[in-house]
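J.: Have a look at this one before I ask anything.
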Amino acid sequence: MEIHRTSSNFRPYPPPRKNVLLLSCMDLRLIDDLVPFMEGDNLTNRYDQLVFAGSALGVIQQDHESWYDVFFQHLDIAVQLHQIQDVYIMEHRDCGAYAKFLGQNGKYGDSPHELKREEKDHRKFAFQLHDEIASHCARKIADGGDAEMWDVHVRCFLMDLRGSVIWLKDDGSDEAW
Ligand SMILES: [Zn+2]
């Protein structure tokens with residue numbers, strides 16, 4: 001199937017109304033593929049980008065605990081400066097950081113079973129970070145922060161090595177385009 005990365009017809013979620021913070025991996029093969037994906041949501045010059053090896057897993061892994069704080073410190077600045085109302089977590093297949101942080105379990109083959117296992121792991125870590133961002137923003141409001149400013153939503157995605165993306169829906173099902 002031809003992938004329409006720039007057509008909104010293939011984006012089965014509401015477009016962001018304000019600006020976006022994109023969390024991606026550092027993987028050199030996919031940096032260029034992130035741009036058309038973001039442009040497809042009409043986000044040219046409307047997103048901040050944070051790059052962590054392993055994307056969501058990079059933020060929450062335990063080998064470099066400071067990365068967690070670095071992420072949330074930058075999230076705070078992005079929200080305060082740039083009207084960020086959506087965070088996009090972009091995971092990707094064949095991520096070297098998964099193998100680094102998870103060992104043998106973080107290496108995946110190309111069989112349907114392995115691809116499913118890989119997707120499941122990305123979903124797990126992406127939604128773990130999703131939940132932590134939600135809690136973080138809820139705490140900001142509880143501590144007296146601006147409720148509108150900290151009304152931040154999170155969407156999780158998985159990119160393959162061709163730059164094609166699936167949306168990891170909150171209900172656990174997939175939506176590819
Ligand atoms: Zn990676």
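Identifiers for the structure tokens are assigned positionally: chains receive A, B, ... in sequence, residues are indexed from 1 per chain, and ligands are indexed from 1 in the order shown.
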Please, which residues in range 145-172 of chain A fall within 10 Å of range 94-116 of chain A when counting only C-alpha atoms, and what is the closest atom pair and distance in Å to one decimal for each, ordered by chain then residue number, as JSON lines?
T.:
{"residue": "A:Met159", "atom": "CA", "partner": "A:Asp94", "partner_atom": "CA", "distance": 9.7}
{"residue": "A:Asp160", "atom": "CA", "partner": "A:Asp94", "partner_atom": "CA", "distance": 7.9}
{"residue": "A:Leu161", "atom": "CA", "partner": "A:Asp94", "partner_atom": "CA", "distance": 7.6}
J.: Please build the interface table for chain A against ligand 1 with a cut-off of 9 Å, listing for each qualifying residue the nearest atom pair and the distance in Å to one decimal; count only C-alpha atoms and all ligand atoms, order rows by chain and increasing number, and write it as JSON lines.
T.:
{"residue": "A:Ser24", "atom": "CA", "partner": "ligand 1", "partner_atom_place_in_ligand_line": "1 (Zn)", "distance": 8.0}
{"residue": "A:Cys25", "atom": "CA", "partner": "ligand 1", "partner_atom_place_in_ligand_line": "1 (Zn)", "distance": 4.7}
{"residue": "A:Met26", "atom": "CA", "partner": "ligand 1", "partner_atom_place_in_ligand_line": "1 (Zn)", "distance": 6.0}
{"residue": "A:Asp27", "atom": "CA", "partner": "ligand 1", "partner_atom_place_in_ligand_line": "1 (Zn)", "distance": 4.8}
{"residue": "A:Leu28", "atom": "CA", "partner": "ligand 1", "partner_atom_place_in_ligand_line": "1 (Zn)", "distance": 8.5}
{"residue": "A:Leu30", "atom": "CA", "partner": "ligand 1", "partner_atom_place_in_ligand_line": "1 (Zn)", "distance": 8.8}
{"residue": "A:Phe52", "atom": "CA", "partner": "ligand 1", "partner_atom_place_in_ligand_line": "1 (Zn)", "distance": 8.3}
{"residue": "A:Ala53", "atom": "CA", "partner": "ligand 1", "partner_atom_place_in_ligand_line": "1 (Zn)", "distance": 5.6}
{"residue": "A:Gly54", "atom": "CA", "partner": "ligand 1", "partner_atom_place_in_ligand_line": "1 (Zn)", "distance": 4.6}
{"residue": "A:Ser55", "atom": "CA", "partner": "ligand 1", "partner_atom_place_in_ligand_line": "1 (Zn)", "distance": 6.8}
{"residue": "A:Gly58", "atom": "CA", "partner": "ligand 1", "partner_atom_place_in_ligand_line": "1 (Zn)", "distance": 9.0}
{"residue": "A:Glu91", "atom": "CA", "partner": "ligand 1", "partner_atom_place_in_ligand_line": "1 (Zn)", "distance": 7.4}
{"residue": "A:His92", "atom": "CA", "partner": "ligand 1", "partner_atom_place_in_ligand_line": "1 (Zn)", "distance": 6.2}
{"residue": "A:Arg93", "atom": "CA", "partner": "ligand 1", "partner_atom_place_in_ligand_line": "1 (Zn)", "distance": 7.5}
{"residue": "A:Asp94", "atom": "CA", "partner": "ligand 1", "partner_atom_place_in_ligand_line": "1 (Zn)", "distance": 7.0}
{"residue": "A:Cys95", "atom": "CA", "partner": "ligand 1", "partner_atom_place_in_ligand_line": "1 (Zn)", "distance": 3.7}
{"residue": "A:Gly96", "atom": "CA", "partner": "ligand 1", "partner_atom_place_in_ligand_line": "1 (Zn)", "distance": 5.3}
{"residue": "A:Ala97", "atom": "CA", "partner": "ligand 1", "partner_atom_place_in_ligand_line": "1 (Zn)", "distance": 5.3}
{"residue": "A:Tyr98", "atom": "CA", "partner": "ligand 1", "partner_atom_place_in_ligand_line": "1 (Zn)", "distance": 7.1}
J.: So which bits of range 52-87 of chain A end up strand (DSSP E) when you DSSP the backbone, as a ChimeraX atom specification?
T.: /A:84-87
J.: Looking at A:His130, A:Lys169, A:Arg46, A:Lys120, which one is nearest to Val152 in chain A, with distances taken over only C-alpha atoms?
T.: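 Of A:His130, A:Lys169, A:Arg46, A:Lys120, the one nearest Val152 in chain A, counting only C-alpha atoms, is A:His130.
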J.: Tell me which protein, DNA and RNA residues are within 9 Å of Ile60 in chain A, counting only C-alpha atoms, leaving out same-chain ones fewer than 6 positions away, and put them as a list in words.
T.: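 Listed by chain and then number, they are Trp67, Tyr68, Phe125, Gln128 and Leu129 of chain A.
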J.: Using the selection just defined, write its residues with N, CA and C atoms as a CSV table (one decimal), in the first residue's frame.
T.:
chain,number,residue,atom,x,y,z
A,67,TRP,N,18.6,11.1,32.7
A,67,TRP,CA,17.8,11.3,31.5
A,67,TRP,C,16.4,11.6,31.8
A,68,TYR,N,15.8,11.0,32.8
A,68,TYR,CA,14.4,11.2,33.2
A,68,TYR,C,14.2,12.6,33.5
A,125,PHE,N,6.5,0.7,26.8
A,125,PHE,CA,7.3,1.8,27.3
A,125,PHE,C,6.7,3.1,26.9
A,128,GLN,N,3.9,3.8,29.2
A,128,GLN,CA,4.5,4.1,30.6
A,128,GLN,C,4.9,5.5,30.7
A,129,LEU,N,5.6,6.0,29.7
A,129,LEU,CA,5.9,7.4,29.7
A,129,LEU,C,4.7,8.3,29.5
J.: Would you mind listing what lies within 12 Å of Gly145 in chain A as a JSON list (two decimals) with C-alpha atoms, in the first residue's frame, with only C-alpha atoms counted and same-chain residues fewer than 6 positions away left out?
T.:
[["chain", "number", "residue", "atom", "x", "y", "z"],
["A", 76, "ASP", "CA", 8.34, 22.04, 31.42],
["A", 79, "VAL", "CA", 5.04, 23.86, 27.74],
["A", 80, "GLN", "CA", 5.79, 27.21, 29.34],
["A", 136, "HIS", "CA", 3.44, 15.14, 35.87],
["A", 137, "CYS", "CA", 1.03, 17.61, 34.27],
["A", 138, "ALA", "CA", -1.73, 16.75, 36.75],
["A", 139, "ARG", "CA", 0.67, 17.53, 39.59],
["A", 151, "ASP", "CA", -3.77, 20.29, 29.77]]
